[in-house]
file my_file10.tsv (TSV, C-alpha atoms and all ligand atoms)
chain	number	residue	atom	x	y	z
A	1	PRO	CA	-12.97	-23.43	-26.54
A	2	TYR	CA	-10.34	-20.81	-25.93
A	3	THR	CA	-8.46	-20.77	-22.59
A	4	LEU	CA	-5.54	-18.74	-21.28
A	5	GLY	CA	-3.72	-21.91	-20.20
A	6	PRO	CA	-3.91	-25.03	-18.06
A	7	LYS	CA	-6.51	-24.71	-15.31
A	8	ILE	CA	-4.90	-23.92	-11.97
A	9	SER	CA	-7.10	-24.37	-8.93
A	10	ASN	CA	-4.79	-24.12	-5.92
A	11	TRP	CA	-2.68	-21.07	-6.76
A	12	ASP	CA	-2.95	-19.60	-3.26
A	13	GLU	CA	-1.44	-22.82	-1.88
A	14	GLN	CA	1.30	-22.95	-4.55
A	15	ARG	CA	2.21	-19.33	-3.90
A	16	ARG	CA	2.26	-19.82	-0.14
A	17	VAL	CA	4.62	-22.79	-0.40
A	18	TRP	CA	6.91	-20.97	-2.85
A	19	ASN	CA	7.10	-17.94	-0.58
A	20	GLU	CA	7.87	-20.16	2.41
A	21	ARG	CA	10.73	-21.74	0.49
A	22	ASN	CA	11.97	-18.35	-0.70
A	23	PRO	CA	11.72	-16.14	2.35
A	24	MET	CA	11.82	-12.34	2.16
A	25	GLN	CA	11.34	-12.28	-1.62
A	26	ASN	CA	7.80	-11.01	-1.23
A	27	VAL	CA	8.52	-7.75	0.57
A	28	THR	CA	10.04	-4.50	-0.62
A	29	ARG	CA	13.08	-2.92	1.01
A	30	ASN	CA	10.59	-1.08	3.24
A	31	GLY	CA	8.88	-4.29	4.28
A	32	LYS	CA	5.75	-3.71	2.18
A	33	PRO	CA	3.97	-6.15	-0.17
A	34	LYS	CA	5.48	-6.01	-3.64
A	35	ILE	CA	3.76	-4.30	-6.56
A	36	LEU	CA	4.80	-5.02	-10.14
A	37	LEU	CA	3.93	-2.15	-12.44
A	38	VAL	CA	3.11	-3.42	-15.94
A	39	SER	CA	2.51	-1.60	-19.19
A	40	GLY	CA	2.95	-2.32	-22.85
A	41	SER	CA	2.26	-1.47	-26.45
A	42	GLN	CA	1.88	-3.26	-29.77
A	43	PRO	CA	4.87	-5.22	-31.20
A	44	GLY	CA	5.24	-3.18	-34.41
A	45	PRO	CA	5.76	0.49	-35.20
A	46	CYS	CA	2.91	2.96	-34.86
A	47	GLY	CA	1.03	4.04	-37.98
A	48	ASN	CA	1.88	7.58	-36.92
A	49	PRO	CA	5.49	8.15	-35.69
A	50	MET	CA	4.13	10.63	-33.14
A	51	GLY	CA	2.54	7.63	-31.44
A	52	ASP	CA	5.97	6.05	-30.91
A	53	PHE	CA	7.33	9.37	-29.66
A	54	TYR	CA	4.68	9.46	-26.93
A	55	HIS	CA	5.09	5.77	-26.13
A	56	LEU	CA	8.74	6.55	-25.38
A	57	LYS	CA	7.95	9.58	-23.23
A	58	TYR	CA	5.19	7.79	-21.36
A	59	LEU	CA	7.53	4.84	-20.82
A	60	LYS	CA	10.03	7.26	-19.26
A	61	ASN	CA	7.25	8.53	-17.00
A	62	ARG	CA	6.59	4.99	-15.70
A	63	ILE	CA	10.30	4.37	-15.14
A	64	ASP	CA	10.44	7.59	-13.09
A	65	TYR	CA	7.34	6.73	-11.06
A	66	ALA	CA	8.51	3.17	-10.37
A	67	ARG	CA	11.99	4.38	-9.35
A	68	LEU	CA	10.56	7.03	-7.03
A	69	HIS	CA	8.28	4.53	-5.30
A	70	GLY	CA	10.47	1.43	-5.18
A	71	MET	CA	8.32	-0.61	-7.54
A	72	GLU	CA	9.52	-3.07	-10.13
A	73	PHE	CA	8.40	-2.41	-13.68
A	74	PHE	CA	7.77	-4.58	-16.72
A	75	TYR	CA	7.07	-3.21	-20.21
A	76	ASN	CA	5.70	-5.66	-22.74
A	77	VAL	CA	5.77	-5.38	-26.53
A	78	ALA	CA	4.97	-9.02	-27.31
A	79	THR	CA	1.60	-10.56	-28.08
A	80	PHE	CA	1.56	-13.69	-25.89
A	81	GLN	CA	-1.46	-15.22	-27.60
A	82	LYS	CA	-2.28	-14.24	-31.15
A	83	GLU	CA	-6.06	-14.36	-30.58
A	84	MET	CA	-5.62	-11.90	-27.73
A	85	ASN	CA	-4.29	-8.91	-29.63
A	86	SER	CA	-4.95	-5.18	-29.12
A	87	PHE	CA	-6.65	-4.27	-25.83
A	88	TRP	CA	-6.98	-7.96	-24.96
A	89	ALA	CA	-3.19	-8.47	-24.86
A	90	LYS	CA	-3.13	-7.55	-21.19
A	91	LEU	CA	-5.05	-10.68	-20.11
A	92	PRO	CA	-2.56	-13.44	-21.03
A	93	LEU	CA	0.23	-11.09	-19.93
A	94	LEU	CA	-1.26	-10.55	-16.48
A	95	ARG	CA	-1.78	-14.27	-15.97
A	96	ASN	CA	1.77	-15.04	-17.07
A	97	LEU	CA	3.26	-12.40	-14.78
A	98	MET	CA	1.25	-13.61	-11.79
A	99	LEU	CA	2.45	-17.18	-12.30
A	100	ASN	CA	6.07	-16.21	-12.84
A	101	HIS	CA	6.20	-13.65	-10.03
A	102	PRO	CA	4.78	-15.50	-7.03
A	103	GLU	CA	6.67	-12.99	-4.86
A	104	THR	CA	4.58	-10.07	-6.03
A	105	GLU	CA	1.27	-9.37	-4.27
A	106	TRP	CA	-0.17	-6.89	-6.74
A	107	ILE	CA	0.11	-6.40	-10.48
A	108	TRP	CA	-0.67	-2.87	-11.61
A	109	TRP	CA	-1.67	-2.53	-15.25
A	110	MET	CA	-1.21	0.86	-16.96
A	111	ASP	CA	-2.31	1.48	-20.57
A	112	SER	CA	0.34	2.93	-22.87
A	113	ASP	CA	-1.81	6.06	-23.24
A	114	ALA	CA	-2.04	6.71	-19.49
A	115	ILE	CA	0.51	8.79	-17.58
A	116	PHE	CA	1.30	9.40	-13.92
A	117	THR	CA	0.70	13.10	-13.37
A	118	ASP	CA	1.18	13.16	-9.58
A	119	MET	CA	4.68	11.79	-9.03
A	120	THR	CA	4.40	12.11	-5.24
A	121	PHE	CA	1.08	10.35	-4.64
A	122	GLU	CA	1.25	6.78	-3.41
A	123	VAL	CA	-1.62	4.29	-3.36
A	124	ASP	CA	-2.49	3.18	0.17
A	125	LEU	CA	-2.81	-0.60	-0.08
A	126	GLU	CA	-4.35	-0.78	3.41
A	127	ARG	CA	-7.60	0.37	1.82
A	128	TYR	CA	-7.81	-2.83	-0.21
A	129	VAL	CA	-7.61	-5.53	2.44
A	130	GLY	CA	-10.07	-8.28	1.43
A	131	LYS	CA	-10.40	-6.97	-2.15
A	132	ASN	CA	-8.68	-8.39	-5.22
A	133	ILE	CA	-9.19	-5.87	-8.01
A	134	VAL	CA	-8.97	-2.09	-7.65
A	135	ILE	CA	-10.37	-0.02	-10.50
A	136	HIS	CA	-11.41	3.57	-10.94
A	137	GLY	CA	-15.16	3.84	-11.36
A	138	PHE	CA	-18.39	5.09	-9.89
A	139	ASN	CA	-20.98	3.07	-8.03
A	140	ASP	CA	-24.05	4.73	-9.55
A	141	LEU	CA	-22.71	4.71	-13.12
A	142	LEU	CA	-21.78	1.05	-12.85
A	143	PHE	CA	-24.34	-0.66	-10.63
A	144	GLU	CA	-27.35	1.61	-11.07
A	145	GLN	CA	-27.01	2.92	-14.62
A	146	HIS	CA	-25.12	-0.04	-16.16
A	147	LYS	CA	-22.90	2.29	-18.20
A	148	TRP	CA	-20.04	0.79	-20.15
A	149	LEU	CA	-17.98	3.69	-18.77
A	150	GLY	CA	-18.88	2.76	-15.16
A	151	LEU	CA	-15.29	1.68	-14.62
A	152	ASN	CA	-12.06	2.03	-16.61
A	153	THR	CA	-9.54	-0.72	-17.32
A	154	GLY	CA	-6.72	1.67	-18.34
A	155	SER	CA	-5.12	1.55	-14.87
A	156	PHE	CA	-5.98	-1.08	-12.27
A	157	LEU	CA	-4.50	-3.27	-9.56
A	158	LEU	CA	-4.99	-7.03	-9.52
A	159	ARG	CA	-4.02	-9.16	-6.54
A	160	ASN	CA	-1.88	-12.19	-7.29
A	161	CYS	CA	-4.25	-14.93	-6.10
A	162	GLN	CA	-6.54	-17.77	-7.21
A	163	TRP	CA	-9.54	-15.44	-7.46
A	164	SER	CA	-7.69	-13.31	-10.03
A	165	LEU	CA	-6.74	-16.34	-12.13
A	166	ASP	CA	-10.42	-17.36	-12.04
A	167	LEU	CA	-11.46	-13.85	-13.03
A	168	LEU	CA	-9.08	-13.90	-16.01
A	169	ASP	CA	-10.52	-17.31	-17.00
A	170	ALA	CA	-14.06	-15.89	-16.91
A	171	TRP	CA	-12.99	-12.67	-18.68
A	172	ALA	CA	-10.91	-14.11	-21.54
A	173	PRO	CA	-13.67	-15.95	-23.51
A	174	TYR	CA	-15.02	-12.59	-24.79
A	175	GLY	CA	-11.65	-11.69	-26.32
A	176	PRO	CA	-10.47	-14.08	-29.07
A	177	SER	CA	-10.25	-12.08	-32.30
A	178	GLY	CA	-12.63	-12.77	-35.16
A	179	GLU	CA	-16.17	-14.04	-34.88
A	180	VAL	CA	-16.09	-14.63	-31.13
A	181	ARG	CA	-15.04	-11.06	-30.39
A	182	MET	CA	-17.51	-9.63	-32.93
A	183	ASN	CA	-20.47	-11.54	-31.46
A	184	ALA	CA	-19.46	-10.73	-27.92
A	185	GLY	CA	-19.38	-7.07	-28.97
A	186	LYS	CA	-23.00	-7.26	-30.13
A	187	MET	CA	-24.07	-8.82	-26.84
A	188	LEU	CA	-22.19	-6.17	-24.82
A	189	THR	CA	-23.69	-3.31	-26.82
A	190	ALA	CA	-27.17	-4.76	-26.19
A	191	LYS	CA	-26.58	-5.19	-22.45
A	192	LEU	CA	-24.58	-2.09	-21.49
A	193	VAL	CA	-25.82	1.48	-21.54
A	194	ASP	CA	-24.35	3.95	-24.09
A	195	ARG	CA	-21.97	1.39	-25.58
A	196	PRO	CA	-21.40	2.03	-29.31
A	197	ALA	CA	-21.45	-0.92	-31.71
A	198	PHE	CA	-17.96	-2.41	-31.98
A	199	GLU	CA	-16.11	-5.63	-31.23
A	200	ALA	CA	-15.84	-6.75	-27.60
A	201	ASP	CA	-13.32	-4.79	-25.55
A	202	ASP	CA	-11.83	-5.84	-22.22
A	203	GLN	CA	-13.50	-2.98	-20.33
A	204	SER	CA	-17.04	-3.80	-21.46
A	205	ALA	CA	-16.52	-7.49	-20.73
A	206	LEU	CA	-15.37	-6.67	-17.20
A	207	VAL	CA	-18.35	-4.36	-16.66
A	208	TYR	CA	-20.60	-7.19	-17.87
A	209	LEU	CA	-19.02	-9.69	-15.44
A	210	MET	CA	-19.41	-7.27	-12.54
A	211	LEU	CA	-23.08	-6.60	-13.35
A	212	PHE	CA	-24.36	-9.93	-14.63
A	213	GLY	CA	-21.63	-12.46	-13.83
A	214	ASP	CA	-21.06	-14.59	-10.73
A	215	PRO	CA	-21.52	-12.45	-7.58
A	216	GLN	CA	-18.03	-13.47	-6.44
A	217	TRP	CA	-16.62	-10.97	-8.97
A	218	ARG	CA	-18.31	-7.86	-7.59
A	219	GLY	CA	-17.69	-9.19	-4.06
A	220	LYS	CA	-13.94	-8.60	-4.37
A	221	LEU	CA	-14.07	-5.44	-6.45
A	222	PHE	CA	-12.89	-2.17	-4.95
A	223	LEU	CA	-14.27	0.71	-7.02
A	224	GLU	CA	-11.87	3.57	-6.36
A	225	TRP	CA	-13.13	7.11	-6.78
A	226	ALA	CA	-11.32	8.86	-3.94
A	227	PHE	CA	-8.46	9.73	-6.32
A	228	TYR	CA	-7.74	9.46	-10.04
A	229	LEU	CA	-6.39	5.93	-10.41
A	230	HIS	CA	-7.62	6.72	-13.91
A	231	GLY	CA	-8.48	10.30	-14.88
A	232	TYR	CA	-10.26	10.96	-18.16
A	233	TRP	CA	-8.00	13.43	-19.98
A	234	LYS	CA	-10.75	15.83	-21.01
A	235	PHE	CA	-11.68	16.30	-17.35
A	236	VAL	CA	-8.18	17.05	-16.11
A	237	VAL	CA	-5.78	18.47	-18.71
A	238	TYR	CA	-7.41	21.88	-18.97
A	239	ASN	CA	-6.99	22.38	-15.20
A	240	TYR	CA	-3.23	21.80	-14.95
A	241	GLU	CA	-2.28	25.50	-14.69
A	242	ASN	CA	-4.97	26.07	-12.09
A	243	VAL	CA	-3.79	23.05	-10.12
A	244	MET	CA	-0.17	24.30	-10.19
A	245	ALA	CA	-1.24	27.74	-8.97
A	246	LYS	CA	-3.26	26.42	-6.05
A	247	HIS	CA	-1.80	23.11	-4.89
A	248	LYS	CA	1.21	20.86	-4.53
A	249	PRO	CA	1.55	17.26	-5.77
A	250	GLY	CA	0.55	14.49	-3.38
A	251	PHE	CA	-3.26	14.59	-3.42
A	252	GLY	CA	-4.02	12.48	-6.51
A	253	ASP	CA	-7.55	13.91	-6.79
A	254	ASP	CA	-8.92	17.12	-8.38
A	255	ARG	CA	-6.27	19.08	-6.51
A	256	TRP	CA	-3.52	17.21	-8.41
A	257	PRO	CA	-4.72	14.31	-10.61
A	258	PHE	CA	-2.78	11.08	-10.11
A	259	VAL	CA	-3.23	9.54	-13.57
A	260	THR	CA	-4.25	11.18	-16.85
A	261	HIS	CA	-5.55	8.67	-19.40
A	262	PHE	CA	-5.95	9.53	-23.08
A	263	VAL	CA	-8.94	7.29	-23.68
A	264	GLY	CA	-10.09	7.20	-27.28
A	265	CYS	CA	-7.10	9.14	-28.59
A	266	LYS	CA	-5.55	6.30	-30.61
A	267	PRO	CA	-2.25	8.22	-31.09
A	268	CYS	CA	-0.66	5.18	-32.72
A	269	GLN	CA	-3.12	4.98	-35.62
A	270	TYR	CA	-2.44	6.32	-39.06
A	271	ALA	CA	-5.58	8.45	-39.31
A	272	VAL	CA	-4.86	11.93	-38.01
A	273	THR	CA	-7.94	14.03	-37.33
A	274	GLY	CA	-8.42	17.35	-35.54
A	275	GLU	CA	-9.31	15.36	-32.45
A	276	VAL	CA	-6.00	13.45	-32.61
A	277	GLN	CA	-4.10	16.75	-32.97
A	278	GLU	CA	-5.72	17.94	-29.75
A	279	CYS	CA	-4.76	14.63	-28.14
A	280	PHE	CA	-1.09	15.11	-29.09
A	281	LYS	CA	-1.12	18.67	-27.78
A	282	GLN	CA	-2.58	17.55	-24.47
A	283	MET	CA	-0.35	14.46	-24.24
A	284	GLU	CA	2.66	16.76	-24.47
A	285	ARG	CA	1.23	19.02	-21.75
A	286	ALA	CA	0.47	16.06	-19.49
A	287	PHE	CA	4.03	14.78	-19.91
A	288	ASN	CA	5.57	18.17	-19.12
A	289	PHE	CA	3.25	18.65	-16.14
A	290	ALA	CA	4.51	15.32	-14.74
A	291	ASP	CA	8.10	15.82	-15.86
A	292	ASN	CA	8.42	19.13	-14.00
A	293	GLN	CA	8.01	17.12	-10.80
A	294	VAL	CA	10.94	14.93	-11.85
A	295	LEU	CA	13.22	17.63	-13.28
A	296	GLY	CA	12.82	19.86	-10.22
A	297	LYS	CA	15.26	17.72	-8.25
A	298	TYR	CA	17.86	18.35	-10.94
A	299	GLY	CA	17.23	22.07	-11.16
A	300	TYR	CA	15.26	22.23	-14.40
A	301	ALA	CA	11.67	22.85	-15.48
A	302	HIS	CA	9.75	23.12	-18.71
A	303	ARG	CA	9.42	26.66	-19.99
A	304	SER	CA	5.68	26.09	-20.08
A	305	LEU	CA	3.51	22.98	-20.20
A	306	ALA	CA	3.22	23.45	-23.95
A	307	THR	CA	6.90	22.94	-24.73
A	308	TRP	CA	9.54	20.25	-24.37
A	309	LYS	CA	12.11	23.03	-23.99
A	310	THR	CA	13.50	23.36	-20.50
A	311	VAL	CA	14.99	26.15	-18.42
A	312	LYS	CA	17.33	26.09	-15.46
A	313	VAL	CA	15.41	27.01	-12.32
A	314	ARG	CA	18.27	26.76	-9.82
A	315	GLU	CA	21.84	28.05	-9.95
A	316	ASP	CA	24.63	25.49	-9.71
A	317	THR	CA	26.62	25.66	-6.47
A	318	ASN	CA	29.72	24.15	-4.91
A	319	ASP	CA	27.49	22.94	-2.07
A	320	PRO	CA	25.01	20.70	-3.98
A	321	LEU	CA	23.95	18.81	-0.87
A	322	GLY	CA	23.36	21.91	1.20
A	323	LEU	CA	25.80	20.70	3.86
A	324	TYR	CA	27.50	24.07	4.31
A	325	LYS	CA	24.62	26.39	3.76
A	326	ALA	CA	24.51	27.35	7.48
A	327	HIS	CA	27.97	28.86	6.97
A	328	LYS	CA	28.42	32.09	5.13
A	329	ASN	CA	31.26	30.91	2.96
A	330	PRO	CA	31.57	27.17	2.22
A	331	GLN	CA	35.32	27.50	1.49
A	332	ASP	CA	35.89	28.51	5.13
A	333	THR	CA	34.50	25.24	6.49
A	334	PRO	CA	36.34	22.36	4.86
A	335	THR	CA	35.50	19.76	7.51
A	336	LEU	CA	32.11	18.42	8.33
A	337	LYS	CA	31.16	17.13	11.73
A	401	LIG	N1	-1.95	-2.82	-25.98
A	401	LIG	C1	-0.98	-3.79	-25.87
A	401	LIG	N2	-0.61	-4.49	-26.98
A	401	LIG	C2	-1.18	-4.27	-28.20
A	401	LIG	C3	-2.15	-3.25	-28.29
A	401	LIG	C4	-2.54	-2.56	-27.18
A	401	LIG	O1	-0.44	-4.02	-24.79
A	401	LIG	O2	-0.82	-4.95	-29.15
A	401	LIG	C5	-2.35	-2.08	-24.77
A	401	LIG	C6	-1.80	-0.65	-24.74
A	401	LIG	O3	-1.19	-0.43	-23.49
A	401	LIG	C7	-3.07	0.18	-24.88
A	401	LIG	C8	-4.12	-0.72	-24.25
A	401	LIG	O4	-3.76	-2.00	-24.71
A	401	LIG	O5	-2.95	1.40	-24.21
A	401	LIG	C9	-5.57	-0.39	-24.52
A	401	LIG	O6	-5.80	0.21	-25.74
A	401	LIG	P1	-6.20	1.76	-25.88
A	401	LIG	O7	-5.43	2.56	-24.90
A	401	LIG	O8	-6.06	2.11	-27.32
A	401	LIG	O9	-7.72	1.79	-25.50
A	401	LIG	P2	-8.53	2.99	-24.85
A	401	LIG	O10	-7.90	3.28	-23.53
A	401	LIG	O11	-8.44	4.17	-25.79
A	401	LIG	O12	-9.93	2.46	-24.69
A	402	MN	MN	-6.01	3.61	-23.01

call {"tool": "encode", "arguments": {"input": "my_file10.tsv", "output": "structure tokens"}}
result
Amino acid sequence: PYTLGPKISNWDEQRRVWNERNPMQNVTRNGKPKILLVSGSQPGPCGNPMGDFYHLKYLKNRIDYARLHGMEFFYNVATFQKEMNSFWAKLPLLRNLMLNHPETEWIWWMDSDAIFTDMTFEVDLERYVGKNIVIHGFNDLLFEQHKWLGLNTGSFLLRNCQWSLDLLDAWAPYGPSGEVRMNAGKMLTAKLVDRPAFEADDQSALVYLMLFGDPQWRGKLFLEWAFYLHGYWKFVVYNYENVMAKHKPGFGDDRWPFVTHFVGCKPCQYAVTGEVQECFKQMERAFNFADNQVLGKYGYAHRSLATWKTVKVREDTNDPLGLYKAHKNPQDTPTLK
């Protein structure tokens, strides 16, 4: 049967020894546990060039977020195992990155169609002590109603540990393309509420493991709903102007959504429907909403959320650092104490 790789059963021990031999590799410059942000898209060009255009812009958004928060970032465009293509590509990738980055404590997966829309908000890892996977979802939708949308695998944190390797091993068998994935899809549609008929996807398989799999999986799951670790685009994009009028970035919740995820948009596919046009329009708005928070430091902003055109929002000065602003005329004060 299909496996992600050789069985590893003492990863926690291997990691501990490696980190002992390589001291200080496993903390950031601020002394915090390391997070590796990971995203990726398919190896070939998009069926619709607009898809590539937004992959580029959303990639820029991740680079900005990682830079602002001192995180390392990896973007993958390779399929590591040919059976694990499309949404399953993240599984072999996550395993590989865990094994080759023993210094990193958390791997944070972001779908290519998800974007950071609160550039200030930072995830508080203290909340997740004793938990190994952090996913946006709702307790009642998942555990009471068994909905396939009870959690969302577009943006989640996975701890680098033995438990996570075991989870990937339990998760992967639903993914190999072809008959296995088709049959798994039928089983998942039968078991999960509201799931349409289609091949097995990574999200449904994870929901299934949490509901019906070994209790050790749900035991280490942190379902995050205090902020938008994933925010369904239709629930957030139409509020951006309202949010800007009332609040400042830094909340991550309804006041200023942390992540906007274009679930179901398929911007890379050839077929362009009215729905996809609305997706592109809103993807542009989401990018500009986020990008204003980046450009502000440099004195620019988008003319409106609808346009990539920018305007200058601050006059240039000969005192860019504000060192002389207490003095009336900077030219009069050439020396700084
Ligand atoms: N993906 C990938 N390699 C591929 C195809 C997809 O890494 O060859 C990733 C990509 O980041 C994409 C994610 O898998 O965003 C999940 O697919 P999608 O976003 O289309 O699913 P949805 O969120 O709409 O359910
Ligand atoms: Mn997605």

call {"tool": "closest_atom_pairs", "arguments": {"input": "my_file10.tsv", "of": "chain A", "to": "ligand MN 402 (chain A)", "cutoff": "7 Å", "atoms": "only C-alpha atoms and all ligand atoms", "output": "tab-separated table"}}
result
residue	atom	partner	partner_atom	distance
A:Asp111	CA	A:MN402	MN	4.9
A:Ser112	CA	A:MN402	MN	6.4
A:Asp113	CA	A:MN402	MN	4.9
A:Ala114	CA	A:MN402	MN	6.1
A:Gly154	CA	A:MN402	MN	5.1
A:His261	CA	A:MN402	MN	6.2
A:Phe262	CA	A:MN402	MN	5.9
A:Val263	CA	A:MN402	MN	4.8
A:Gly264	CA	A:MN402	MN	6.9

call {"tool": "residues_around", "arguments": {"input": "my_file10.tsv", "residues": "A:Ser177", "least_positions_apart": "3", "cutoff": "8 Å", "atoms": "all atoms listed in the file", "output": "PyMOL selection string"}}
result
chain A and resi 83-85+180-182

call {"tool": "atom_distance", "arguments": {"input": "my_file10.tsv", "atom1": "atom CA of A:Leu168", "atom2": "atom CA of A:Val193"}}
result
23.4 Å

call {"tool": "closest_atom_pairs", "arguments": {"input": "my_file10.tsv", "of": "chain A", "to": "ligand LIG 401 (chain A)", "cutoff": "9 Å", "atoms": "all atoms listed in the file", "output": "tab-separated table"}}
result
residue	atom	partner	partner_atom	distance
A:Ser39	CA	A:LIG401	O3	5.8
A:Gly40	CA	A:LIG401	O1	4.3
A:Ser41	CA	A:LIG401	C1	4.0
A:Gln42	CA	A:LIG401	O2	3.2
A:Pro43	CA	A:LIG401	O2	6.1
A:Gly44	CA	A:LIG401	O2	8.2
A:Tyr75	CA	A:LIG401	O1	8.8
A:Asn76	CA	A:LIG401	O1	6.7
A:Val77	CA	A:LIG401	N2	6.5
A:Ala78	CA	A:LIG401	N2	7.2
A:Thr79	CA	A:LIG401	O2	6.2
A:Met84	CA	A:LIG401	O2	8.6
A:Asn85	CA	A:LIG401	O2	5.3
A:Ser86	CA	A:LIG401	C3	3.5
A:Phe87	CA	A:LIG401	O4	3.8
A:Trp88	CA	A:LIG401	O4	6.8
A:Ala89	CA	A:LIG401	N2	5.2
A:Lys90	CA	A:LIG401	O1	5.7
A:Leu93	CA	A:LIG401	O1	8.6
A:Trp109	CA	A:LIG401	O3	8.5
A:Met110	CA	A:LIG401	O3	6.7
A:Asp111	CA	A:LIG401	O3	3.7
A:Ser112	CA	A:LIG401	O3	3.7
A:Asp113	CA	A:LIG401	O5	4.9
A:Ala114	CA	A:LIG401	O5	7.2
A:Asn152	CA	A:LIG401	O10	8.2
A:Thr153	CA	A:LIG401	O10	7.6
A:Gly154	CA	A:LIG401	O10	5.6
A:Asp201	CA	A:LIG401	O12	8.0
A:Asp202	CA	A:LIG401	C9	8.6
A:Gln203	CA	A:LIG401	O12	7.8
A:His261	CA	A:LIG401	O10	7.2
A:Phe262	CA	A:LIG401	O11	6.5
A:Val263	CA	A:LIG401	O11	3.8
A:Gly264	CA	A:LIG401	O11	3.8
A:Cys265	CA	A:LIG401	O11	5.9
A:Lys266	CA	A:LIG401	O8	5.4
A:Pro267	CA	A:LIG401	O8	8.1
A:Cys268	CA	A:LIG401	O8	8.2

call {"tool": "atom_distance", "arguments": {"input": "my_file10.tsv", "atom1": "atom CA of A:Tyr240", "atom2": "atom CA of A:Asn292"}}
result
12.0 Å

call {"tool": "closest_residue", "arguments": {"input": "my_file10.tsv", "among": "A:Pro102, A:Gly31, A:Pro249, A:Gly70", "to": "A:Glu13", "atoms": "all atoms listed in the file"}}
result
A:Pro102

call {"tool": "atom_distance", "arguments": {"input": "my_file10.tsv", "atom1": "atom CA of A:Glu105", "atom2": "atom CA of A:Pro6"}}
result
21.5 Å

call {"tool": "closest_atom_pairs", "arguments": {"input": "my_file10.tsv", "of": "stretch 53-88 of chain A", "to": "stretch 116-135 of chain A", "cutoff": "12 Å", "atoms": "only C-alpha atoms", "output": "CSV"}}
result
residue,atom,partner,partner_atom,distance
A:Lys57,CA,A:Phe116,CA,11.4
A:Tyr58,CA,A:Phe116,CA,8.5
A:Leu59,CA,A:Phe116,CA,10.4
A:Lys60,CA,A:Phe116,CA,10.5
A:Asn61,CA,A:Phe116,CA,6.8
A:Arg62,CA,A:Phe116,CA,7.1
A:Ile63,CA,A:Phe116,CA,10.4
A:Asp64,CA,A:Met119,CA,8.2
A:Tyr65,CA,A:Met119,CA,6.1
A:Ala66,CA,A:Met119,CA,9.5
A:Arg67,CA,A:Met119,CA,10.4
A:Leu68,CA,A:Met119,CA,7.8
A:His69,CA,A:Glu122,CA,7.6
A:Gly70,CA,A:Glu122,CA,10.8
A:Met71,CA,A:Glu122,CA,11.0

call {"tool": "residues_around", "arguments": {"input": "my_file10.tsv", "residues": "stretch 208-210 of chain A", "least_positions_apart": "4", "cutoff": "10 Å", "atoms": "all atoms listed in the file", "output": "ChimeraX atom specification"}}
result
/A:142-143,146-148,167,170-171,187-188,191-192,202-204,214-221

call {"tool": "axis_aligned_box", "arguments": {"input": "my_file10.tsv", "around": "stretch 145-150 of chain A", "padding_each_side": "4 Å", "output": "lines of an AutoDock Vina configuration file"}}
result
center_x = -22.5
center_y = 1.8
center_z = -17.4
size_x = 17.0
size_y = 11.7
size_z = 13.5

call {"tool": "residues_around", "arguments": {"input": "my_file10.tsv", "residues": "A:Ala226", "least_positions_apart": "2", "cutoff": "9 Å", "atoms": "only C-alpha atoms", "output": "list in words"}}
result
His136, Glu224, Tyr228, Leu229, Gly252 and Asp253 of chain A

call {"tool": "write_last_selection", "arguments": {"input": "my_file10.tsv", "atoms": "C-alpha atoms", "output": "PDB file, keeping the file's coordinate frame"}}
result
ATOM      1  CA  HIS A 136     -11.410   3.570 -10.940  1.00  0.00           C
ATOM      2  CA  GLU A 224     -11.870   3.570  -6.360  1.00  0.00           C
ATOM      3  CA  TYR A 228      -7.740   9.460 -10.040  1.00  0.00           C
ATOM      4  CA  LEU A 229      -6.390   5.930 -10.410  1.00  0.00           C
ATOM      5  CA  GLY A 252      -4.020  12.480  -6.510  1.00  0.00           C
ATOM      6  CA  ASP A 253      -7.550  13.910  -6.790  1.00  0.00           C
TER       7      ASP A 253
END

call {"tool": "residues_near_point", "arguments": {"input": "my_file10.tsv", "point": "(-20.3, -0.9, -33.1)", "cutoff": "9 Å", "atoms": "all atoms listed in the file", "output": "PyMOL selection string"}}
result
chain A and resi 185-186+189+195-199
